[in-house]
Amino acid sequence: MLTTDEFRRCFYGCIITDCAVRTKDYFIFSARNEKESAENDLTSEDDVTKYGCKVFLDEPEGKRVGRVVVSGWGRAYCAANTTPFSQFVCVSAEGFVHAAGSGKTRDEKRISDSWVNGKGPEIFRVFRAKTLFGLTYVCGPRGNAARRIAPDKWEYIGNPFPYSMDVETVSNQRFMDIDAFSEDDMYAVGGEGMVWHYDGKLWRQVAFPTNMFLESVCCGADGEVYIGAQSGTVFKGRGDRWKKISQGGLATPFRDMVWFQDKVWATSDYGIWAISGERVEKPLIPAEVAACSGSMAVGDGVLLVAGEGGAAFHNGTLWQSLFLQYEMTQAVESS
């Protein structure tokens, strides 16, 4: 769908690492420089240029993309705020923030410098950014969790784990992903079988039937919670009731799990899966969509997928390809 020139200006030489939906016509992607990533062997993210790549489908051809360049960031994540006004929000692993939209584009204060009423840790790291209830939510190590309620204003909702120098203990004090049925009915997962529930005031550890490493969580519209563990294993349940519905056997866990059109959709760098009831299977999707596996987001009736292979979306009726990375790269280099 993007022209060769639009791809060249926004996505050429990039590796997409995350994506988000602001509206059905506005998408954002976080990305890193492909050449610099190869030179640093992915071991020093700080030495790799990061991008916030924006796509506006309702604009005229040739004006549908934009890009913000940042340096000195670790891994970059992205989400969106629709309240108090509509903006893209890019967040780094260290808690740096850049927001754009509604006529306002600027670097904001670091999350740890933006606590409402000063309530929040001095060091706030990020493993995940996600749009929930119109706000950007982030979570990370040591039970970090927060939401952006306005520009330069973050509300800490994390679990203040006791301080520990024990490596194994600290590795389990992490929220790798967070999702929710409501603002007072949230789940966070991470570490070895660590599942936590938030009732709007307090966090409670949930009894969970495995010590497998947990990566992703989705609160489905069917009232069930779906949790992605190592090797693509999937658990389904709620509260203290859980059942393994997939043994996994995959190379990696699901990076993202989202609810869209009456089922859970899940992705990693190695493919896209659909979970309906207790069945985890490969869906019948176009090859150009399957090639875009990696990250996934939903919003405004749209399912967006993006990764090293490119980006595509389902508009509620059918799949549409935004671009295929290899084909468009070849087109740019041959033009």
# chains A, B, ... in the order shown; residues from 1 in each chain; ligands from 1
>>> select_by_dssp(residues="region 120-288 of chain A", states="strand (DSSP E or B)", output="NGL selection string")
:A and (128-132 or 135-139 or 141 or 145-150 or 153-156 or 174 or 177-182 or 185-190 or 192 or 194-198 or 203-206 or 213-219 or 225-229 or 234-238 or 241-246 or 256-260 or 263-268 or 271-276 or 279-281)
>>> closest_atom_pairs(of="region 221-314 of chain A", to="region 319-324 of chain A", cutoff="7 Å", atoms="only C-alpha atoms", output="Markdown table")
| residue | atom | partner | partner_atom | distance |
| --- | --- | --- | --- | --- |
| A:Glu288 | CA | A:Ser321 | CA | 6.8 |
| A:Val289 | CA | A:Ser321 | CA | 6.6 |
| A:Gly309 | CA | A:Leu324 | CA | 5.9 |
| A:Gly310 | CA | A:Leu324 | CA | 4.4 |
| A:Ala311 | CA | A:Leu322 | CA | 5.4 |
| A:Ala312 | CA | A:Ser321 | CA | 4.2 |
| A:Phe313 | CA | A:Gln320 | CA | 5.4 |
| A:His314 | CA | A:Trp319 | CA | 4.3 |
>>> write_last_selection(atoms="N, CA and C atoms", output="PDB file, in the first residue's frame")
ATOM      1  N   GLU A 288       1.578 -12.646   2.563  1.00  0.00           N
ATOM      2  CA  GLU A 288       2.212 -11.352   2.808  1.00  0.00           C
ATOM      3  C   GLU A 288       1.901 -10.821   4.204  1.00  0.00           C
ATOM      4  N   VAL A 289       0.861 -11.342   4.843  1.00  0.00           N
ATOM      5  CA  VAL A 289       0.563 -11.003   6.231  1.00  0.00           C
ATOM      6  C   VAL A 289       1.409 -11.857   7.173  1.00  0.00           C
ATOM      7  N   GLY A 309       9.729  -8.566   8.581  1.00  0.00           N
ATOM      8  CA  GLY A 309       9.257  -8.810   7.224  1.00  0.00           C
ATOM      9  C   GLY A 309       8.379  -7.727   6.648  1.00  0.00           C
ATOM     10  N   GLY A 310       7.926  -6.772   7.495  1.00  0.00           N
ATOM     11  CA  GLY A 310       7.064  -5.710   7.000  1.00  0.00           C
ATOM     12  C   GLY A 310       5.904  -5.457   7.930  1.00  0.00           C
ATOM     13  N   ALA A 311       4.810  -4.915   7.389  1.00  0.00           N
ATOM     14  CA  ALA A 311       3.644  -4.579   8.207  1.00  0.00           C
ATOM     15  C   ALA A 311       2.370  -4.797   7.413  1.00  0.00           C
ATOM     16  N   ALA A 312       1.314  -5.228   8.127  1.00  0.00           N
ATOM     17  CA  ALA A 312       0.001  -5.445   7.516  1.00  0.00           C
ATOM     18  C   ALA A 312      -1.055  -5.235   8.587  1.00  0.00           C
ATOM     19  N   PHE A 313      -2.322  -5.088   8.165  1.00  0.00           N
ATOM     20  CA  PHE A 313      -3.386  -4.902   9.142  1.00  0.00           C
ATOM     21  C   PHE A 313      -4.693  -5.494   8.628  1.00  0.00           C
ATOM     22  N   HIS A 314      -5.550  -5.840   9.573  1.00  0.00           N
ATOM     23  CA  HIS A 314      -6.910  -6.279   9.264  1.00  0.00           C
ATOM     24  C   HIS A 314      -7.839  -5.141   9.641  1.00  0.00           C
TER      25      HIS A 314
END
>>> select_by_dssp(residues="region 172-277 of chain A", states="helix (DSSP H, G or I)", output="list in words")
Asn172, Gln230, Ser231 and Gly232 of chain A
>>> write_last_selection(atoms="C-alpha atoms", output="CSV table (one decimal), in the first residue's frame")
chain,number,residue,atom,x,y,z
A,172,ASN,CA,11.1,-13.1,39.3
A,230,GLN,CA,8.2,-20.3,27.1
A,231,SER,CA,8.2,-22.3,23.9
A,232,GLY,CA,4.8,-21.1,22.9
>>> residues_around(residues="Glu333 (chain A)", least_positions_apart="3", cutoff="12 Å", atoms="only C-alpha atoms", output="VMD selection string")
chain A and resid 4 to 5 7 to 8 12 to 13 326 to 330
>>> closest_atom_pairs(of="region 199-251 of chain A", to="region 144-161 of chain A", cutoff="12 Å", atoms="only C-alpha atoms", output="CSV")
residue,atom,partner,partner_atom,distance
A:Asp199,CA,A:Ile157,CA,10.6
A:Gly200,CA,A:Ile157,CA,8.2
A:Lys201,CA,A:Ile157,CA,8.1
A:Leu202,CA,A:Asn159,CA,7.8
A:Trp203,CA,A:Asn159,CA,6.2
A:Arg204,CA,A:Asn159,CA,9.0
A:Gln205,CA,A:Asn159,CA,10.2
>>> residues_around(residues="Thr267 (chain A)", least_positions_apart="5", cutoff="7 Å", atoms="only C-alpha atoms", output="JSON, numbers by chain")
{"A": [254, 255, 256, 257, 272, 273, 293, 294, 295, 296]}
>>> closest_residue(among="A:Ala99, A:Cys139, A:Ala93, A:Leu2", to="Val65 (chain A)", atoms="only C-alpha atoms")
A:Leu2
>>> closest_residue(among="A:Gly277, A:Gly190, A:Gly74, A:Gly101", to="Lys50 (chain A)", atoms="only C-alpha atoms")
A:Gly74
>>> atom_distance(atom1="CA of Asp47 (chain A)", atom2="CA of Trp115 (chain A)")
28.5 Å
>>> closest_atom_pairs(of="region 159-246 of chain A", to="region 117-131 of chain A", cutoff="8 Å", atoms="only C-alpha atoms", output="tab-separated table")
residue	atom	partner	partner_atom	distance
A:Phe175	CA	A:Phe127	CA	7.5
A:Met176	CA	A:Phe127	CA	5.8
A:Asp177	CA	A:Arg128	CA	6.0
A:Ile178	CA	A:Lys130	CA	7.9
>>> write_last_selection(atoms="C-alpha atoms", output="JSON list (two decimals), in the first residue's frame")
[["chain", "number", "residue", "atom", "x", "y", "z"],
["A", 175, "PHE", "CA", 6.28, -7.70, 34.75],
["A", 176, "MET", "CA", 6.94, -8.78, 31.16],
["A", 177, "ASP", "CA", 3.40, -7.94, 30.06],
["A", 178, "ILE", "CA", 0.21, -6.44, 31.44]]
>>> atom_distance(atom1="CA of Ser30 (chain A)", atom2="CA of Leu303 (chain A)")
16.6 Å
>>> atom_distance(atom1="CA of Ala229 (chain A)", atom2="CA of Asp18 (chain A)")
19.4 Å
>>> closest_residue(among="A:Lys109, A:Gly299, A:Gly271, A:Lys244", to="Ala287 (chain A)", atoms="only C-alpha atoms")
A:Gly271
>>> closest_residue(among="A:Gln87, A:Cys219, A:Ile15, A:Gln247", to="Ser102 (chain A)", atoms="only C-alpha atoms")
A:Gln87
>>> residues_around(residues="Gly223 (chain A)", least_positions_apart="2", cutoff="9 Å", atoms="only C-alpha atoms", output="list in words")
Phe181, Cys219, Gly220, Ala221, Val225, Gly237 and Arg238 of chain A
>>> residues_around(residues="Gly52 (chain A)", least_positions_apart="5", cutoff="8 Å", atoms="only C-alpha atoms", output="ChimeraX atom specification")
/A:28-31,67-69,78,90
>>> write_last_selection(atoms="C-alpha atoms", output="short mmCIF file (atom, residue, chain, number, x, y, z; two decimals), in the first residue's frame")
data_model
loop_
_atom_site.label_atom_id
_atom_site.label_comp_id
_atom_site.auth_asym_id
_atom_site.auth_seq_id
_atom_site.Cartn_x
_atom_site.Cartn_y
_atom_site.Cartn_z
CA ILE A 28 2.99 3.87 14.79
CA PHE A 29 6.00 1.58 14.76
CA SER A 30 9.19 1.62 16.80
CA ALA A 31 12.26 0.51 14.88
CA ARG A 67 9.58 9.55 11.20
CA VAL A 68 11.15 10.70 14.45
CA VAL A 69 14.83 9.87 15.06
CA CYS A 78 5.33 2.37 21.35
CA CYS A 90 7.26 6.21 22.19
#
>>> closest_residue(among="A:Arg64, A:Gly143, A:Asp184, A:Ile16", to="Thr169 (chain A)", atoms="only C-alpha atoms")
A:Gly143
>>> closest_residue(among="A:Ala38, A:Val217, A:Val55, A:Leu284", to="Tyr26 (chain A)", atoms="only C-alpha atoms")
A:Val55
>>> decode(residues="region 188-294 of chain A", atoms="C-alpha atoms", output="PDB file, in the first residue's frame")
ATOM      1  CA  ALA A 188       0.646  -8.939  34.968  1.00  0.00           C
ATOM      2  CA  VAL A 189       2.979 -11.829  34.196  1.00  0.00           C
ATOM      3  CA  GLY A 190       6.705 -12.525  34.161  1.00  0.00           C
ATOM      4  CA  GLY A 191       9.495 -14.536  35.708  1.00  0.00           C
ATOM      5  CA  GLU A 192       9.052 -18.211  36.514  1.00  0.00           C
ATOM      6  CA  GLY A 193       5.308 -18.790  36.707  1.00  0.00           C
ATOM      7  CA  MET A 194       4.682 -15.432  38.352  1.00  0.00           C
ATOM      8  CA  VAL A 195       1.138 -14.120  37.795  1.00  0.00           C
ATOM      9  CA  TRP A 196      -0.192 -11.103  39.632  1.00  0.00           C
ATOM     10  CA  HIS A 197      -3.665  -9.553  39.856  1.00  0.00           C
ATOM     11  CA  TYR A 198      -4.404  -5.869  40.551  1.00  0.00           C
ATOM     12  CA  ASP A 199      -7.782  -4.802  41.988  1.00  0.00           C
ATOM     13  CA  GLY A 200      -7.212  -1.077  41.563  1.00  0.00           C
ATOM     14  CA  LYS A 201      -5.473  -0.744  44.926  1.00  0.00           C
ATOM     15  CA  LEU A 202      -3.350  -3.800  45.688  1.00  0.00           C
ATOM     16  CA  TRP A 203      -1.477  -6.527  43.834  1.00  0.00           C
ATOM     17  CA  ARG A 204      -1.974 -10.183  44.807  1.00  0.00           C
ATOM     18  CA  GLN A 205       0.083 -13.100  43.560  1.00  0.00           C
ATOM     19  CA  VAL A 206      -2.069 -15.663  41.796  1.00  0.00           C
ATOM     20  CA  ALA A 207      -1.516 -19.407  42.296  1.00  0.00           C
ATOM     21  CA  PHE A 208      -0.283 -20.679  38.923  1.00  0.00           C
ATOM     22  CA  PRO A 209       0.421 -24.289  37.878  1.00  0.00           C
ATOM     23  CA  THR A 210       3.908 -23.910  36.374  1.00  0.00           C
ATOM     24  CA  ASN A 211       7.323 -22.387  36.918  1.00  0.00           C
ATOM     25  CA  MET A 212       7.835 -21.835  33.195  1.00  0.00           C
ATOM     26  CA  PHE A 213       8.968 -18.366  32.157  1.00  0.00           C
ATOM     27  CA  LEU A 214       5.976 -16.182  31.249  1.00  0.00           C
ATOM     28  CA  GLU A 215       6.109 -13.634  28.426  1.00  0.00           C
ATOM     29  CA  SER A 216       2.650 -12.364  27.407  1.00  0.00           C
ATOM     30  CA  VAL A 217      -0.928 -12.011  28.650  1.00  0.00           C
ATOM     31  CA  CYS A 218      -4.299 -11.223  27.074  1.00  0.00           C
ATOM     32  CA  CYS A 219      -7.564 -10.533  28.888  1.00  0.00           C
ATOM     33  CA  GLY A 220     -10.168 -11.783  26.419  1.00  0.00           C
ATOM     34  CA  ALA A 221     -13.667 -10.479  25.823  1.00  0.00           C
ATOM     35  CA  ASP A 222     -14.834 -14.012  26.677  1.00  0.00           C
ATOM     36  CA  GLY A 223     -13.889 -13.316  30.300  1.00  0.00           C
ATOM     37  CA  GLU A 224     -10.824 -15.561  30.218  1.00  0.00           C
ATOM     38  CA  VAL A 225      -7.137 -14.696  30.665  1.00  0.00           C
ATOM     39  CA  TYR A 226      -4.651 -16.189  28.209  1.00  0.00           C
ATOM     40  CA  ILE A 227      -0.986 -16.405  29.210  1.00  0.00           C
ATOM     41  CA  GLY A 228       1.907 -17.155  26.861  1.00  0.00           C
ATOM     42  CA  ALA A 229       4.798 -19.080  28.418  1.00  0.00           C
ATOM     43  CA  GLN A 230       8.150 -20.295  27.130  1.00  0.00           C
ATOM     44  CA  SER A 231       8.223 -22.347  23.912  1.00  0.00           C
ATOM     45  CA  GLY A 232       4.760 -21.126  22.911  1.00  0.00           C
ATOM     46  CA  THR A 233       2.950 -22.889  25.763  1.00  0.00           C
ATOM     47  CA  VAL A 234      -0.447 -21.306  26.500  1.00  0.00           C
ATOM     48  CA  PHE A 235      -2.498 -21.277  29.703  1.00  0.00           C
ATOM     49  CA  LYS A 236      -6.117 -20.198  30.026  1.00  0.00           C
ATOM     50  CA  GLY A 237      -8.070 -19.289  33.149  1.00  0.00           C
ATOM     51  CA  ARG A 238      -8.751 -16.555  35.667  1.00  0.00           C
ATOM     52  CA  GLY A 239      -8.144 -15.951  39.358  1.00  0.00           C
ATOM     53  CA  ASP A 240      -6.768 -19.182  40.812  1.00  0.00           C
ATOM     54  CA  ARG A 241      -8.291 -21.387  38.057  1.00  0.00           C
ATOM     55  CA  TRP A 242      -5.882 -22.273  35.223  1.00  0.00           C
ATOM     56  CA  LYS A 243      -5.514 -24.905  32.522  1.00  0.00           C
ATOM     57  CA  LYS A 244      -2.756 -25.573  30.012  1.00  0.00           C
ATOM     58  CA  ILE A 245      -4.329 -25.564  26.535  1.00  0.00           C
ATOM     59  CA  SER A 246      -1.179 -25.823  24.418  1.00  0.00           C
ATOM     60  CA  GLN A 247       2.058 -27.676  25.085  1.00  0.00           C
ATOM     61  CA  GLY A 248       4.039 -25.316  22.879  1.00  0.00           C
ATOM     62  CA  GLY A 249       7.117 -26.826  21.305  1.00  0.00           C
ATOM     63  CA  LEU A 250       7.980 -23.622  19.461  1.00  0.00           C
ATOM     64  CA  ALA A 251      11.367 -21.926  19.195  1.00  0.00           C
ATOM     65  CA  THR A 252      10.234 -18.861  21.148  1.00  0.00           C
ATOM     66  CA  PRO A 253       7.288 -17.716  23.293  1.00  0.00           C
ATOM     67  CA  PHE A 254       4.550 -15.482  21.927  1.00  0.00           C
ATOM     68  CA  ARG A 255       5.740 -11.883  22.115  1.00  0.00           C
ATOM     69  CA  ASP A 256       2.250 -10.381  21.844  1.00  0.00           C
ATOM     70  CA  MET A 257      -1.240 -11.738  22.487  1.00  0.00           C
ATOM     71  CA  VAL A 258      -4.339  -9.631  21.691  1.00  0.00           C
ATOM     72  CA  TRP A 259      -8.101 -10.109  21.428  1.00  0.00           C
ATOM     73  CA  PHE A 260      -9.621  -9.458  18.011  1.00  0.00           C
ATOM     74  CA  GLN A 261     -12.899 -10.628  16.480  1.00  0.00           C
ATOM     75  CA  ASP A 262     -13.828 -13.243  19.078  1.00  0.00           C
ATOM     76  CA  LYS A 263     -10.431 -14.895  19.450  1.00  0.00           C
ATOM     77  CA  VAL A 264      -6.899 -14.396  20.693  1.00  0.00           C
ATOM     78  CA  TRP A 265      -4.220 -13.611  18.132  1.00  0.00           C
ATOM     79  CA  ALA A 266      -0.603 -14.305  19.029  1.00  0.00           C
ATOM     80  CA  THR A 267       2.714 -13.654  17.327  1.00  0.00           C
ATOM     81  CA  SER A 268       6.467 -14.048  17.567  1.00  0.00           C
ATOM     82  CA  ASP A 269       9.244 -13.592  15.029  1.00  0.00           C
ATOM     83  CA  TYR A 270       8.367 -17.040  13.702  1.00  0.00           C
ATOM     84  CA  GLY A 271       4.690 -16.743  12.873  1.00  0.00           C
ATOM     85  CA  ILE A 272       1.118 -15.793  13.703  1.00  0.00           C
ATOM     86  CA  TRP A 273      -1.335 -18.018  15.592  1.00  0.00           C
ATOM     87  CA  ALA A 274      -5.015 -17.837  16.558  1.00  0.00           C
ATOM     88  CA  ILE A 275      -6.498 -19.183  19.806  1.00  0.00           C
ATOM     89  CA  SER A 276     -10.197 -20.026  19.813  1.00  0.00           C
ATOM     90  CA  GLY A 277     -11.621 -21.849  22.799  1.00  0.00           C
ATOM     91  CA  GLU A 278      -8.814 -24.250  23.662  1.00  0.00           C
ATOM     92  CA  ARG A 279      -7.380 -24.619  20.163  1.00  0.00           C
ATOM     93  CA  VAL A 280      -4.116 -22.960  19.178  1.00  0.00           C
ATOM     94  CA  GLU A 281      -3.579 -23.102  15.438  1.00  0.00           C
ATOM     95  CA  LYS A 282      -2.170 -21.317  12.421  1.00  0.00           C
ATOM     96  CA  PRO A 283      -4.929 -19.197  10.843  1.00  0.00           C
ATOM     97  CA  LEU A 284      -5.642 -18.991   7.128  1.00  0.00           C
ATOM     98  CA  ILE A 285      -4.084 -15.631   6.307  1.00  0.00           C
ATOM     99  CA  PRO A 286      -2.360 -14.245   3.198  1.00  0.00           C
ATOM    100  CA  ALA A 287       1.343 -15.057   2.868  1.00  0.00           C
ATOM    101  CA  GLU A 288       2.212 -11.352   2.808  1.00  0.00           C
ATOM    102  CA  VAL A 289       0.563 -11.003   6.231  1.00  0.00           C
ATOM    103  CA  ALA A 290       2.260 -14.057   7.733  1.00  0.00           C
ATOM    104  CA  ALA A 291       5.604 -12.597   6.635  1.00  0.00           C
ATOM    105  CA  CYS A 292       5.027  -9.617   8.964  1.00  0.00           C
ATOM    106  CA  SER A 293       5.046 -11.586  12.217  1.00  0.00           C
ATOM    107  CA  GLY A 294       6.839 -10.136  15.208  1.00  0.00           C
TER     108      GLY A 294
END
